[in-house]
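Written out below as structure tokens is the structure these notes cover.
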Amino acid sequence: MEAARKHLSSSDATLASIIQQAKYHEYDYRPPEFSTLVRSIVFQQLSGKSARPIYLRVEAACGGNVTPEKILKLHPTKLRKAGLSRQKAAYIRDLAKQTASGKLDFSALPQMKDEEVVEALTAVKGIGEWTAHMFLIFALRRPNVLPTGDYGVRVAIKRAYKKRKLPTPKQIHELAKKNNWHPYCSAVTWYLWRSLEN
């Protein structure tokens with residue numbers, strides 16, 4: 001993180017100010033496994049406050065360990081009782097089926113390029129580019145991921161860079177290039193989120 005801070009502080013004055021104001025500088029990493037992706041699906045389009053207890057209930061229904069086999073043994077109504085929507089319960093079951101069958105191999109993901117990971121994950125029903133990007137950043141610890149579709153990132157850029165409208169993905173890529181964010185786009189993302197707390 002230190003190398004990213006130095007590089008970004010020297011190449012982008014706006015980010016330098018955000019970095020200086022950030023209260024802490026640590027990622028909350030998770031293991032690159034099935035349960036992490038289940039957690040991401042649970043958290044989709046929900047606040048952390050709402051999603052956390054739902055995930056904990058899913059975890060409890062699985063006996064404390066969320067595995068494909070345990071998810072597939074649960075009746076869909078059990079997942080619904082945990083607080084999942086019908087759609088999210090179906091997505092998690094589909095993920096469990098694909099993982100159990102070997103179609104999605106978590107042990108292969110660390111060796112794959114970012115775009116290959118995105119392709120493999122988005123082949124699963126209910127997993128879009130945003131979820132794949134979160135997995136790249138927080139599970140696989142990839143340093144140069146820029147989730148241009150993330151609402152928080154777009155709001156933070158609009159505020160910090162005094163834009164009149166929310167920037168488009170293309171405009172975000174142009175900003176990254178102009179301000180020399182590469183190869184530390186994951187750190188940029190993290191600092192942009194932190195800026196919304198200040």
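A note on labels: chains of the structure tokens are A, B, ... as shown, every chain counts residues from 1, and ligands are counted from 1 in their shown order.
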Give me the residues of stretch 127-193 of chain A that have any atom at most 6 Å from an atom of stretch 26-42 of chain A; for each, the nearest atom pair and the distance in Å, rounded to one decimal. Use only C-alpha atoms, sort by chain and number, and format it as JSON lines.
{"residue": "A:Phe138", "atom": "CA", "partner": "A:Tyr29", "partner_atom": "CA", "distance": 4.8}
{"residue": "A:Ala139", "atom": "CA", "partner": "A:Pro32", "partner_atom": "CA", "distance": 4.5}
{"residue": "A:Leu140", "atom": "CA", "partner": "A:Pro32", "partner_atom": "CA", "distance": 5.8}
### Task
Just the residues within 12 Å of A:Lys170, please, counting only C-alpha atoms, with nothing from its chain fewer than 3 positions along; format it as a VMD selection string.
chain A and resid 146 to 149 154 166 to 167 173 to 177
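Of the residues listed (A:Ser50, A:Tyr161, A:Trp181, A:Ile172), A:Trp181 shows the shortest atom-to-atom separation from A:Ser10; distances use only C-alpha atoms.
Distance annotation: of A:Arg80, A:Leu95, A:Pro183, A:Ile18, the residue with the minimal separation from A:Arg159 is A:Ile18; atom set is only C-alpha atoms.
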### Query
Nearest to A:Ser101: which of A:Leu72, A:Thr131, A:Gln21, A:Lys163 is it, counting only C-alpha atoms?
A:Leu72
### Query
Which residues, written as a PyMOL selection string, have at least one atom at most 12 Å from stretch 107-113 of chain A, with only C-alpha atoms counted and residues fewer than 4 positions away on the same chain left out?
chain A and resi 31-34+99+102-103+117-121+132+135-137+139-142+144-145
With C-alpha atoms retained, could you export that selection as an mmCIF file, in the first residue's frame?
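Written output follows (result-v6.cif):
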data_model
loop_
_atom_site.group_PDB
_atom_site.id
_atom_site.type_symbol
_atom_site.label_atom_id
_atom_site.label_comp_id
_atom_site.auth_asym_id
_atom_site.auth_seq_id
_atom_site.Cartn_x
_atom_site.Cartn_y
_atom_site.Cartn_z
ATOM 1 C CA PRO A 31 -9.856 -15.847 1.050
ATOM 2 C CA PRO A 32 -10.368 -16.541 -2.699
ATOM 3 C CA GLU A 33 -12.945 -19.266 -2.149
ATOM 4 C CA PHE A 34 -16.591 -20.201 -2.624
ATOM 5 C CA THR A 99 -18.451 -25.238 -8.180
ATOM 6 C CA GLY A 102 -15.872 -28.435 -11.267
ATOM 7 C CA LYS A 103 -17.111 -26.067 -13.954
ATOM 8 C CA VAL A 117 -11.194 -14.325 -13.865
ATOM 9 C CA VAL A 118 -13.942 -11.867 -14.843
ATOM 10 C CA GLU A 119 -14.936 -14.142 -17.742
ATOM 11 C CA ALA A 120 -15.008 -17.267 -15.530
ATOM 12 C CA LEU A 121 -17.024 -15.627 -12.746
ATOM 13 C CA ALA A 132 -16.029 -10.148 -10.246
ATOM 14 C CA PHE A 135 -13.424 -10.655 -5.919
ATOM 15 C CA LEU A 136 -10.305 -9.559 -7.825
ATOM 16 C CA ILE A 137 -9.599 -6.754 -5.352
ATOM 17 C CA ALA A 139 -9.941 -12.028 -2.535
ATOM 18 C CA LEU A 140 -7.264 -12.312 -5.223
ATOM 19 C CA ARG A 141 -5.578 -9.057 -4.109
ATOM 20 C CA ARG A 142 -5.066 -7.784 -7.634
ATOM 21 C CA ASN A 144 -4.826 -2.731 -10.770
ATOM 22 C CA VAL A 145 -8.619 -3.207 -10.824
#
### Query
For A:Ile127, which residue among A:Leu79, A:Leu8, A:Ile54, A:Ile92 is the nearest when counting only C-alpha atoms?
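Result for the nearest residue to A:Ile127: A:Ile92.
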